[in-house]
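A.B. asks: So that you have it, the file is work02.cif, and it contains mmCIF, C-alpha atoms and all ligand atoms:
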```
data_protein
loop_
_atom_site.label_atom_id
_atom_site.label_comp_id
_atom_site.auth_asym_id
_atom_site.auth_seq_id
_atom_site.Cartn_x
_atom_site.Cartn_y
_atom_site.Cartn_z
CA MET A 1 -42.44 -167.25 158.07
CA GLY A 2 -39.07 -167.28 159.85
CA ALA A 3 -36.70 -170.24 159.38
CA ALA A 4 -37.65 -171.43 162.88
CA ASN A 5 -41.22 -171.91 161.68
CA THR A 6 -40.22 -174.90 159.58
CA ILE A 7 -40.53 -178.07 161.64
CA CYS A 8 -38.22 -180.97 160.83
CA LEU A 9 -39.61 -184.38 161.82
CA HIS A 10 -37.55 -187.57 161.98
CA THR A 11 -38.65 -191.06 160.95
CA HIS A 12 -36.10 -193.50 162.36
CA THR A 13 -38.41 -195.29 164.80
CA PRO A 14 -41.88 -196.69 164.01
CA ALA A 15 -43.49 -194.18 166.37
CA LEU A 16 -41.68 -191.19 164.85
CA PHE A 17 -42.48 -192.48 161.35
CA ALA A 18 -46.20 -192.76 162.15
CA GLU A 19 -46.26 -189.33 163.78
CA ALA A 20 -44.54 -187.73 160.77
CA VAL A 21 -46.95 -189.45 158.36
CA ALA A 22 -49.94 -188.14 160.35
CA ARG A 23 -48.55 -184.59 160.42
CA ALA A 24 -47.69 -184.58 156.71
CA VAL A 25 -51.10 -185.98 155.76
CA SER A 26 -52.99 -183.42 157.82
CA LEU A 27 -50.99 -180.53 156.32
CA LEU A 28 -51.42 -181.88 152.77
CA ARG A 29 -55.18 -182.31 153.28
CA ALA A 30 -55.33 -178.68 154.41
CA GLY A 31 -53.64 -177.52 151.17
CA ALA A 32 -50.14 -176.96 152.54
CA VAL A 33 -46.82 -177.65 150.80
CA VAL A 34 -44.36 -179.93 152.64
CA ALA A 35 -40.94 -181.41 151.82
CA LEU A 36 -40.80 -185.22 151.82
CA PRO A 37 -38.04 -187.74 151.13
CA THR A 38 -38.06 -189.88 147.99
CA GLU A 39 -35.39 -192.32 146.85
CA THR A 40 -34.16 -189.91 144.13
CA VAL A 41 -34.14 -186.44 145.72
CA TYR A 42 -36.38 -184.70 148.27
CA GLY A 43 -39.70 -183.51 146.84
CA LEU A 44 -41.78 -180.40 147.55
CA ALA A 45 -45.23 -181.94 147.75
CA ALA A 46 -48.83 -180.75 147.57
CA ASN A 47 -52.21 -182.29 146.76
CA ALA A 48 -52.05 -182.57 142.95
CA LEU A 49 -55.84 -182.22 142.72
CA ASP A 50 -55.85 -178.84 144.51
CA PRO A 51 -54.77 -176.10 142.07
CA GLU A 52 -54.23 -173.55 144.84
CA ALA A 53 -51.91 -175.87 146.73
CA VAL A 54 -49.95 -176.58 143.53
CA ALA A 55 -49.74 -172.84 142.82
CA ARG A 56 -47.96 -172.50 146.16
CA ILE A 57 -45.27 -174.94 144.97
CA TYR A 58 -44.50 -172.69 141.98
CA GLU A 59 -44.40 -169.66 144.25
CA ILE A 60 -42.13 -171.24 146.88
CA LYS A 61 -39.65 -172.55 144.29
CA GLY A 62 -39.77 -169.52 142.00
CA ARG A 63 -40.57 -172.06 139.28
CA PRO A 64 -41.59 -170.78 135.85
CA ALA A 65 -45.25 -171.52 134.99
CA TYR A 66 -44.30 -173.41 131.81
CA ASN A 67 -42.55 -176.23 133.72
CA PRO A 68 -44.97 -179.08 134.56
CA ILE A 69 -44.82 -181.04 137.83
CA ILE A 70 -44.70 -184.82 138.31
CA CYS A 71 -47.61 -186.55 140.09
CA HIS A 72 -46.51 -189.14 142.65
CA VAL A 73 -48.69 -192.18 143.26
CA ALA A 74 -48.40 -195.33 145.36
CA SER A 75 -50.51 -197.82 143.43
CA HIS A 76 -51.33 -198.74 139.85
CA GLY A 77 -54.93 -197.71 140.54
CA LEU A 78 -53.96 -194.16 141.54
CA ALA A 79 -51.60 -193.90 138.53
CA ARG A 80 -54.46 -194.79 136.23
CA ARG A 81 -56.70 -192.11 137.74
CA CYS A 82 -54.11 -189.51 136.70
CA VAL A 83 -54.07 -190.53 133.02
CA ALA A 84 -56.61 -190.70 130.20
CA ASP A 85 -54.96 -193.70 128.61
CA TRP A 86 -52.81 -196.50 130.01
CA PRO A 87 -51.10 -198.05 126.98
CA GLU A 88 -49.53 -201.48 127.05
CA LEU A 89 -46.09 -199.86 126.85
CA ALA A 90 -46.72 -197.86 130.05
CA ASP A 91 -47.93 -201.00 131.76
CA ARG A 92 -44.77 -202.89 130.83
CA LEU A 93 -42.48 -200.08 131.98
CA ALA A 94 -44.40 -199.55 135.21
CA ARG A 95 -44.37 -203.25 136.04
CA ALA A 96 -40.63 -203.43 135.44
CA PHE A 97 -39.52 -200.27 137.25
CA TRP A 98 -42.17 -199.16 139.79
CA PRO A 99 -41.86 -198.39 142.58
CA GLY A 100 -38.69 -196.66 141.45
CA PRO A 101 -36.92 -193.76 139.74
CA LEU A 102 -38.96 -193.72 136.52
CA THR A 103 -41.47 -191.05 135.50
CA LEU A 104 -43.93 -191.91 132.71
CA VAL A 105 -45.37 -189.07 130.64
CA LEU A 106 -48.90 -189.98 129.47
CA PRO A 107 -52.10 -188.23 128.34
CA ARG A 108 -53.55 -186.53 131.41
CA SER A 109 -56.97 -187.34 132.83
CA GLU A 110 -59.62 -184.71 133.58
CA LEU A 111 -58.82 -185.05 137.25
CA ILE A 112 -55.44 -183.36 136.85
CA PRO A 113 -55.59 -179.55 136.98
CA ASP A 114 -53.93 -177.40 134.29
CA ILE A 115 -51.42 -175.99 136.71
CA VAL A 116 -49.85 -179.44 137.25
CA THR A 117 -49.26 -180.01 133.54
CA ALA A 118 -48.44 -176.35 132.77
CA GLY A 119 -51.50 -176.39 130.53
CA GLY A 120 -50.18 -179.26 128.40
CA PRO A 121 -52.01 -182.44 127.34
CA THR A 122 -49.75 -184.84 129.25
CA VAL A 123 -48.88 -185.60 132.86
CA GLY A 124 -45.73 -187.12 134.38
CA VAL A 125 -46.53 -189.96 136.82
CA ARG A 126 -44.15 -191.71 139.20
CA TRP A 127 -44.48 -194.29 141.99
CA PRO A 128 -41.52 -193.50 144.23
CA GLY A 129 -39.63 -196.22 146.07
CA HIS A 130 -39.29 -194.47 149.44
CA PRO A 131 -41.49 -195.97 152.21
CA PHE A 132 -42.26 -192.59 153.78
CA ILE A 133 -43.81 -190.91 150.77
CA GLN A 134 -45.58 -194.18 149.94
CA ALA A 135 -47.22 -194.18 153.37
CA VAL A 136 -48.27 -190.54 152.98
CA ILE A 137 -49.80 -191.08 149.52
CA GLY A 138 -51.53 -194.24 150.73
CA ALA A 139 -53.16 -192.31 153.58
CA CYS A 140 -54.08 -189.26 151.46
CA ASP A 141 -55.48 -191.26 148.56
CA PHE A 142 -54.73 -188.38 146.19
CA PRO A 143 -51.62 -187.98 144.01
CA LEU A 144 -48.89 -185.66 145.24
CA ALA A 145 -47.52 -183.08 142.86
CA ALA A 146 -43.85 -182.77 143.75
CA PRO A 147 -40.87 -181.20 142.03
CA SER A 148 -37.45 -181.42 143.64
CA ALA A 149 -37.42 -179.43 146.90
CA ASN A 150 -34.96 -176.75 145.83
CA LEU A 151 -35.26 -173.17 144.57
CA SER A 152 -35.65 -173.16 140.80
CA ASN A 153 -32.35 -173.80 138.96
CA GLN A 154 -30.42 -174.65 142.12
CA LEU A 155 -29.03 -177.95 143.28
CA SER A 156 -31.53 -180.67 144.16
CA PRO A 157 -31.56 -181.77 147.83
CA THR A 158 -30.56 -185.30 148.87
CA SER A 159 -30.95 -184.70 152.62
CA ALA A 160 -33.37 -182.85 154.90
CA GLY A 161 -30.53 -180.45 155.75
CA HIS A 162 -30.21 -179.45 152.09
CA VAL A 163 -33.94 -178.67 151.99
CA LEU A 164 -33.79 -176.59 155.16
CA LYS A 165 -30.88 -174.58 153.78
CA GLN A 166 -32.85 -173.51 150.70
CA LEU A 167 -36.47 -173.57 151.86
CA GLY A 168 -36.30 -173.18 155.66
CA GLY A 169 -38.93 -170.60 156.65
CA ARG A 170 -40.91 -171.01 153.43
CA ILE A 171 -42.70 -174.28 154.29
CA PRO A 172 -44.20 -175.61 157.53
CA LEU A 173 -42.65 -179.11 157.45
CA VAL A 174 -39.61 -181.04 156.25
CA VAL A 175 -39.59 -184.78 156.92
CA ASP A 176 -36.15 -186.30 157.37
CA GLY A 177 -36.12 -189.72 155.71
CA GLY A 178 -32.34 -189.98 155.55
CA GLN A 179 -29.99 -189.57 152.63
CA CYS A 180 -31.60 -190.33 149.25
CA ASN A 181 -30.57 -193.73 148.01
CA VAL A 182 -30.52 -192.95 144.28
CA GLY A 183 -29.32 -189.35 144.58
CA ILE A 184 -30.26 -187.90 141.18
CA GLU A 185 -33.69 -187.22 139.68
CA SER A 186 -35.82 -189.89 138.00
CA THR A 187 -35.58 -190.98 134.38
CA VAL A 188 -38.41 -189.27 132.47
CA VAL A 189 -39.89 -191.24 129.56
CA ASP A 190 -42.59 -190.10 127.15
CA ALA A 191 -44.86 -193.14 126.76
CA THR A 192 -47.59 -191.45 124.69
CA GLY A 193 -46.42 -192.93 121.37
CA PRO A 194 -45.65 -196.44 120.10
CA VAL A 195 -41.95 -196.04 120.96
CA PRO A 196 -40.94 -194.63 124.35
CA ARG A 197 -38.79 -191.51 124.22
CA LEU A 198 -36.25 -190.48 126.78
CA LEU A 199 -36.91 -186.93 128.01
CA ARG A 200 -34.50 -186.89 130.96
CA PRO A 201 -31.82 -189.54 131.60
CA GLY A 202 -31.68 -191.09 135.06
CA MET A 203 -30.29 -194.14 136.82
CA ILE A 204 -32.77 -196.37 134.99
CA HIS A 205 -30.69 -196.06 131.84
CA GLU A 206 -31.30 -196.51 128.14
CA GLU A 207 -30.25 -200.15 128.00
CA SER A 208 -32.62 -201.13 130.81
CA LEU A 209 -35.47 -199.29 129.06
CA VAL A 210 -34.66 -200.97 125.76
CA ALA A 211 -34.59 -204.37 127.48
CA VAL A 212 -38.19 -203.84 128.58
CA ALA A 213 -39.63 -201.73 125.74
CA GLY A 214 -37.72 -203.21 122.80
CA GLU A 215 -36.69 -199.80 121.45
CA LEU A 216 -36.20 -196.24 122.58
CA GLY A 217 -36.40 -192.91 120.77
CA SER A 218 -34.70 -189.77 122.01
CA GLU A 219 -35.37 -186.05 122.15
CA ALA A 220 -31.81 -185.33 121.10
CA GLY A 221 -31.72 -183.41 117.84
CA GLY A 222 -35.51 -183.16 117.71
CA GLY A 223 -35.25 -179.44 118.32
CA VAL A 224 -38.51 -179.37 120.28
CA LEU A 225 -38.45 -178.62 123.99
CA ARG A 226 -40.71 -181.40 125.22
CA SER A 227 -39.39 -181.46 128.76
CA PRO A 228 -38.53 -178.09 130.24
CA GLY A 229 -36.12 -179.82 132.63
CA LEU A 230 -33.91 -180.23 129.59
CA LEU A 231 -33.08 -176.52 129.63
CA LYS A 232 -29.33 -176.34 129.24
CA ARG A 233 -28.47 -174.86 132.60
CA HIS A 234 -30.07 -176.65 135.51
CA TYR A 235 -29.08 -178.44 138.69
CA SER A 236 -26.39 -175.85 139.36
CA PRO A 237 -24.19 -175.23 142.36
CA ARG A 238 -23.30 -171.58 143.07
CA ALA A 239 -19.64 -172.12 142.17
CA ARG A 240 -18.42 -172.49 138.59
CA LEU A 241 -18.19 -176.18 137.79
CA VAL A 242 -15.72 -177.69 135.32
CA VAL A 243 -15.19 -181.31 134.33
CA LEU A 244 -11.55 -182.18 133.60
CA ARG A 245 -9.29 -185.21 133.23
CA TRP A 246 -5.73 -185.30 134.55
CA ARG A 247 -2.96 -187.83 135.10
CA ASP A 248 -1.25 -185.98 137.93
CA GLU A 249 -1.63 -182.83 139.99
CA ALA A 250 0.66 -180.77 137.77
CA GLU A 251 -1.55 -181.48 134.80
CA LEU A 252 -4.63 -180.54 136.82
CA ARG A 253 -3.06 -177.18 137.77
CA ARG A 254 -2.02 -176.50 134.18
CA GLN A 255 -5.56 -177.04 133.01
CA LEU A 256 -6.99 -174.76 135.67
CA ALA A 257 -4.64 -171.86 134.89
CA PRO A 258 -6.78 -170.43 132.05
CA TRP A 259 -9.80 -170.47 134.38
CA GLN A 260 -7.86 -168.38 136.91
CA ALA A 261 -8.91 -170.86 139.54
CA VAL A 262 -6.54 -170.70 142.49
CA PRO A 263 -6.27 -174.00 144.41
CA ALA A 264 -7.16 -172.27 147.70
CA ARG A 265 -10.62 -171.45 146.31
CA THR A 266 -11.05 -174.65 144.32
CA CYS A 267 -12.73 -177.88 145.39
CA VAL A 268 -11.79 -181.09 143.62
CA VAL A 269 -14.20 -184.02 143.36
CA ALA A 270 -12.16 -187.00 142.20
CA HIS A 271 -12.73 -190.72 141.79
CA ALA A 272 -9.52 -192.06 140.20
CA ASN A 273 -6.64 -189.54 140.30
CA VAL A 274 -6.93 -187.93 143.71
CA PRO A 275 -4.69 -184.88 144.28
CA ALA A 276 -2.94 -184.31 147.63
CA PRO A 277 -5.41 -182.32 149.73
CA LYS A 278 -3.08 -179.74 151.26
CA GLU A 279 -3.35 -176.75 148.90
CA TRP A 280 -6.89 -177.19 147.68
CA LEU A 281 -9.92 -175.77 149.49
CA ARG A 282 -11.36 -179.29 149.60
CA VAL A 283 -10.58 -182.61 147.96
CA SER A 284 -13.25 -185.28 148.08
CA VAL A 285 -13.20 -188.79 146.80
CA VAL A 286 -16.41 -190.20 145.35
CA PRO A 287 -16.70 -193.91 144.61
CA HIS A 288 -15.76 -195.14 141.15
CA ASP A 289 -19.11 -196.87 140.72
CA PRO A 290 -22.10 -195.19 139.08
CA GLU A 291 -24.72 -195.95 141.75
CA ALA A 292 -22.52 -194.79 144.59
CA PHE A 293 -21.29 -191.79 142.57
CA ALA A 294 -24.88 -190.64 141.89
CA ARG A 295 -25.77 -191.10 145.56
CA ALA A 296 -22.84 -188.91 146.65
CA LEU A 297 -22.75 -186.27 143.90
CA TYR A 298 -25.23 -183.60 145.02
CA ALA A 299 -24.12 -183.82 148.66
CA GLU A 300 -20.54 -183.19 147.49
CA LEU A 301 -21.62 -180.19 145.43
CA HIS A 302 -23.61 -178.82 148.40
CA HIS A 303 -20.45 -179.22 150.56
CA CYS A 304 -18.34 -177.38 147.99
CA ASP A 305 -20.79 -174.46 147.91
CA GLU A 306 -20.78 -174.36 151.70
CA ALA A 307 -16.98 -174.30 151.74
CA GLY A 308 -17.19 -171.13 149.61
CA ALA A 309 -15.68 -172.63 146.46
CA GLY A 310 -15.12 -170.31 143.50
CA THR A 311 -14.58 -173.32 141.26
CA ILE A 312 -15.49 -176.99 141.54
CA VAL A 313 -13.49 -179.42 139.43
CA VAL A 314 -15.08 -182.82 138.88
CA GLU A 315 -12.94 -185.57 137.43
CA GLY A 316 -14.26 -186.77 134.05
CA LEU A 317 -16.43 -189.88 134.11
CA PRO A 318 -15.96 -193.28 132.49
CA GLU A 319 -17.99 -194.06 129.37
CA GLY A 320 -21.02 -196.35 129.46
CA PRO A 321 -24.81 -196.21 129.75
CA GLU A 322 -24.80 -196.44 133.53
CA TRP A 323 -22.78 -193.17 133.73
CA ARG A 324 -24.86 -191.19 131.23
CA ALA A 325 -27.36 -189.61 133.64
CA ILE A 326 -24.52 -188.46 135.90
CA ALA A 327 -22.69 -187.01 132.89
CA ASP A 328 -25.93 -185.24 131.91
CA ARG A 329 -26.31 -183.59 135.35
CA LEU A 330 -22.64 -182.55 135.38
CA SER A 331 -22.83 -181.02 131.94
CA ARG A 332 -25.95 -179.04 132.91
CA ALA A 333 -24.32 -177.87 136.12
CA ALA A 334 -21.25 -176.85 134.11
CA ALA A 335 -23.08 -175.03 131.29
CA THR A 336 -22.66 -171.29 131.16
CA MET A 337 -25.67 -168.99 131.02
CA ASP A 338 -25.43 -168.16 127.30
O1 LIG A 401 -36.92 -187.90 140.87
C1 LIG A 401 -37.70 -187.02 140.56
O2 LIG A 401 -38.29 -186.99 139.44
C2 LIG A 401 -37.98 -185.92 141.58
C3 LIG A 401 -38.66 -186.51 142.81
C4 LIG A 401 -39.11 -185.47 143.80
O3 LIG A 401 -39.71 -187.33 142.39
N1 LIG A 401 -38.77 -184.87 141.00
C5 LIG A 401 -38.23 -184.01 140.10
O4 LIG A 401 -39.16 -183.05 139.70
O5 LIG A 401 -37.10 -184.06 139.68
P1 LIG A 401 -38.71 -181.75 138.90
O6 LIG A 401 -39.96 -180.94 138.79
O7 LIG A 401 -37.55 -181.12 139.55
O8 LIG A 401 -38.36 -182.32 137.49
C6 LIG A 401 -39.39 -182.93 136.73
C7 LIG A 401 -39.01 -182.97 135.29
C8 LIG A 401 -38.91 -181.57 134.73
O9 LIG A 401 -37.84 -181.59 133.83
C9 LIG A 401 -40.23 -181.42 134.01
O10 LIG A 401 -40.12 -180.53 132.93
C10 LIG A 401 -40.48 -182.83 133.53
O11 LIG A 401 -40.02 -183.66 134.57
N2 LIG A 401 -41.92 -183.08 133.33
C11 LIG A 401 -42.88 -183.12 134.28
N3 LIG A 401 -44.09 -183.32 133.70
C12 LIG A 401 -43.88 -183.43 132.38
C13 LIG A 401 -44.72 -183.61 131.23
N4 LIG A 401 -46.03 -183.74 131.35
N5 LIG A 401 -44.14 -183.65 130.01
C14 LIG A 401 -42.80 -183.53 129.88
N6 LIG A 401 -41.95 -183.33 130.91
C15 LIG A 401 -42.48 -183.27 132.14
MG MG A 402 -35.82 -180.12 139.80
#
```
Hey, can you dump this file as structure tokens for me?
C.D. replies:
Amino acid sequence: MGAANTICLHTHTPALFAEAVARAVSLLRAGAVVALPTETVYGLAANALDPEAVARIYEIKGRPAYNPIICHVASHGLARRCVADWPELADRLARAFWPGPLTLVLPRSELIPDIVTAGGPTVGVRWPGHPFIQAVIGACDFPLAAPSANLSNQLSPTSAGHVLKQLGGRIPLVVDGGQCNVGIESTVVDATGPVPRLLRPGMIHEESLVAVAGELGSEAGGGVLRSPGLLKRHYSPRARLVVLRWRDEAELRRQLAPWQAVPARTCVVAHANVPAPKEWLRVSVVPHDPEAFARALYAELHHCDEAGAGTIVVEGLPEGPEWRAIADRLSRAAATMD
């Protein structure tokens, strides 16, 4: 399939929206894989109940077979069809945060094929907040298996353009639902036990989860890889990414010297101490507010890659629970391969 074979449909009028829903639904019913907007990042969706369609997702992304895929639903009824057990804890979390950027890991039902769960006993379920994917799921009446719509280990897409850049030519359809409002992937919580456990931080942060669930366990230090998305290097731009703090530009340059990062090939993403733009390849300012920062982050990193950056410097983040998921994504993007 050449890049021109990927159709991009828009959704900004009611007629275009309805037409794009109809096209997506007919492709999904036929077993195809399509890219759809969600409020976190764009997803690469297929009928979760069709193992062959889900196998195509793995193939298109180059995703390893051990990494399970989240099932997207658009009602409590459909969520419950995906799981063998719907504990009180799941119900409380779902009622507080769905539709929204929270994935609940629960015992899978017999309906869910092995390939979705990577052979494991649990399934991740999420009711996304974006009206487009909600309309598609509502019309299909089956859950949609959807990982982020990027090649494995590369940056997640927060616009249709990002998807086309990585997957153009590999899928028949990308639906443009605008820039993702959350901007980083959902919080993943294991709700199989009496205490929920955080498997992947997201913008629904620990304190919000504790407020609803009463307590929260963590994978950290457990030594068991329960969520393959917690592999150290993930969500990476092509350029080397470093997180630094500086008071002025001289201090920034001094810190970059050991990295042999020349300003002309270095992009700076700053939120408090913004260097003068003239010698750097690119200087961008992201808002000093966690929601707006998360919304802007991946688009900035995509821009830096496009500018041909050798190095991306991101200014260190403030402390606090609402910054933790962003810090997590930055540290994974910055991790070296070893
Ligand atoms: O916001 C999101 O979650 C986006 C949008 C498209 O919904 N999806 C997304 O999917 O980020 P993906 O596949 O890129 O990341 C899903 C993460 C992976 O780290 C995967 O290992 C974990 O969720 N996961 C999925 N099912 C799981 C399960 N049954 N047990 C543990 N972890 C699971
Ligand atoms: Mg992903």
A.B. asks: So what do you get for CA of Arg332 in chain A versus CA of Leu164 in chain A, distance-wise?
C.D. replies: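 Taking CA of Arg332 in chain A as the start and CA of Leu164 in chain A as the end point, the length is 23.7 Å.
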A.B. asks: Skip Val73 in chain A itself and residues of its chain fewer than 2 positions away, then list as a list in words all residues within 6 Å of it, counting all atoms listed in the file.
C.D. replies: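 My list of contacting residues is Ser75, Leu78, Ala79, Trp127 and Pro143 of chain A.
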A.B. asks: How about saving the chosen residues, C-alpha atoms kept, as an mmCIF file, in the coordinates of the input?
C.D. replies:
```cif
data_model
loop_
_atom_site.group_PDB
_atom_site.id
_atom_site.type_symbol
_atom_site.label_atom_id
_atom_site.label_comp_id
_atom_site.auth_asym_id
_atom_site.auth_seq_id
_atom_site.Cartn_x
_atom_site.Cartn_y
_atom_site.Cartn_z
ATOM 1 C CA SER A 75 -50.510 -197.820 143.430
ATOM 2 C CA LEU A 78 -53.960 -194.160 141.540
ATOM 3 C CA ALA A 79 -51.600 -193.900 138.530
ATOM 4 C CA TRP A 127 -44.480 -194.290 141.990
ATOM 5 C CA PRO A 143 -51.620 -187.980 144.010
#
```
A.B. asks: Ranking A:Pro101, A:Tyr58, A:Leu111, A:Ser159 by minimum distance to Arg81 in chain A and counting only C-alpha atoms, which one comes first?
C.D. replies: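 Between A:Pro101, A:Tyr58, A:Leu111, A:Ser159, the residue approaching Arg81 in chain A most closely is A:Leu111.
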A.B. asks: Taking all atoms listed in the file into account, list the residues no farther than 8 Å from ligand LIG 401 (chain A), as number ranges by chain.
C.D. replies: A: 37-44, 67-72, 101-103, 105-106, 116-118, 120-126, 128, 146-149, 156, 184-188, 190, 199-200, 226-230
A.B. asks: Of the residues A:Gly320, A:Ala294, A:Gly178, A:Thr158, which is the one nearest to ligand MG 402 (chain A), using all atoms listed in the file?
C.D. replies: A:Thr158
A.B. asks: For ligand MG 402 (chain A), which residue out of A:Pro99, A:Pro157, A:Gly138, A:Gly31 is the nearest one, using only C-alpha atoms and all ligand atoms?
C.D. replies: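 Comparing A:Pro99, A:Pro157, A:Gly138, A:Gly31 against ligand MG 402 (chain A), the winner is A:Pro157.
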A.B. asks: Given the point (-54.9, -179.5, 144.0) in the coordinates of this file, which residues lie within 9 Å, counting all atoms listed in the file, and how would they look as a PyMOL selection string?
C.D. replies: chain A and resi 31+46-55+112-113+115-116+144-145
A.B. asks: Write out, as a PDB file, in the coordinates of the input, the residues just selected, with C-alpha atoms.
C.D. replies:
```
ATOM      1  CA  GLY A  31     -53.640-177.520 151.170  1.00  0.00           C
ATOM      2  CA  ALA A  46     -48.830-180.750 147.570  1.00  0.00           C
ATOM      3  CA  ASN A  47     -52.210-182.290 146.760  1.00  0.00           C
ATOM      4  CA  ALA A  48     -52.050-182.570 142.950  1.00  0.00           C
ATOM      5  CA  LEU A  49     -55.840-182.220 142.720  1.00  0.00           C
ATOM      6  CA  ASP A  50     -55.850-178.840 144.510  1.00  0.00           C
ATOM      7  CA  PRO A  51     -54.770-176.100 142.070  1.00  0.00           C
ATOM      8  CA  GLU A  52     -54.230-173.550 144.840  1.00  0.00           C
ATOM      9  CA  ALA A  53     -51.910-175.870 146.730  1.00  0.00           C
ATOM     10  CA  VAL A  54     -49.950-176.580 143.530  1.00  0.00           C
ATOM     11  CA  ALA A  55     -49.740-172.840 142.820  1.00  0.00           C
ATOM     12  CA  ILE A 112     -55.440-183.360 136.850  1.00  0.00           C
ATOM     13  CA  PRO A 113     -55.590-179.550 136.980  1.00  0.00           C
ATOM     14  CA  ILE A 115     -51.420-175.990 136.710  1.00  0.00           C
ATOM     15  CA  VAL A 116     -49.850-179.440 137.250  1.00  0.00           C
ATOM     16  CA  LEU A 144     -48.890-185.660 145.240  1.00  0.00           C
ATOM     17  CA  ALA A 145     -47.520-183.080 142.860  1.00  0.00           C
TER      18      ALA A 145
END
```
A.B. asks: Could you state the separation of CA of Gln166 in chain A and CA of Trp98 in chain A in Å, given to one decimal place?
C.D. replies: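 Interatomic distance, CA of Gln166 in chain A to CA of Trp98 in chain A: 29.4 Å.
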A.B. asks: List the spatial neighbours of range 306-311 of chain A as JSON, numbers by chain - criterion: any atom at most 12 Å away, only C-alpha atoms, same-chain residues fewer than 6 positions off excluded.
C.D. replies: {"A": [162, 165, 237, 238, 239, 240, 241, 242, 243, 256, 257, 259, 260, 261, 262, 263, 264, 265, 266, 267, 268, 269, 280, 281, 282, 283, 299, 300, 333, 334]}
A.B. asks: So the first atom is CA of Pro194 in chain A and the second is CA of Arg324 in chain A; what is the distance between them in Å, to one decimal place?
C.D. replies: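 Value for the CA of Pro194 in chain A-CA of Arg324 in chain A distance: 24.2 Å.
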A.B. asks: Could you list as a PyMOL selection string every residue that has an atom within 9 Å of (-9.1, -186.1, 143.2), using the file's coordinates and counting only C-alpha atoms?
C.D. replies: chain A and resi 249+268-277+283-286+313-315
A.B. asks: Can I get the selected residues back with C-alpha atoms, as a tab-separated table (two decimals), in the coordinates of the input?
C.D. replies:
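Wrote again-v3.tsv, looks like this:
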```
chain	number	residue	atom	x	y	z
A	249	GLU	CA	-1.63	-182.83	139.99
A	268	VAL	CA	-11.79	-181.09	143.62
A	269	VAL	CA	-14.20	-184.02	143.36
A	270	ALA	CA	-12.16	-187.00	142.20
A	271	HIS	CA	-12.73	-190.72	141.79
A	272	ALA	CA	-9.52	-192.06	140.20
A	273	ASN	CA	-6.64	-189.54	140.30
A	274	VAL	CA	-6.93	-187.93	143.71
A	275	PRO	CA	-4.69	-184.88	144.28
A	276	ALA	CA	-2.94	-184.31	147.63
A	277	PRO	CA	-5.41	-182.32	149.73
A	283	VAL	CA	-10.58	-182.61	147.96
A	284	SER	CA	-13.25	-185.28	148.08
A	285	VAL	CA	-13.20	-188.79	146.80
A	286	VAL	CA	-16.41	-190.20	145.35
A	313	VAL	CA	-13.49	-179.42	139.43
A	314	VAL	CA	-15.08	-182.82	138.88
A	315	GLU	CA	-12.94	-185.57	137.43
```
A.B. asks: So that all listed atoms of range 2-15 of chain A fit with 3 Å spare on each side, what axis-aligned box centre and edge lengths in Å, to one decimal, would you give as JSON?
C.D. replies:
```
{"center_x": -39.8, "center_y": -182.0, "center_z": 162.9, "size_x": 13.4, "size_y": 35.4, "size_z": 13.0}
```
A.B. asks: Looking at all atoms listed in the file, which of A:Ala96, A:Ile171, A:Ala160, A:Cys140 is the one that sits closest to Ile204 in chain A?
C.D. replies: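 Going through A:Ala96, A:Ile171, A:Ala160, A:Cys140 one by one, the smallest distance to Ile204 in chain A is for A:Ala96.
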A.B. asks: Considering only C-alpha atoms, state which residue in the set A:Ile7, A:Ala65, A:Ala139, A:Ala74 is at the smallest distance from Ala22 in chain A.
C.D. replies: A:Ala139
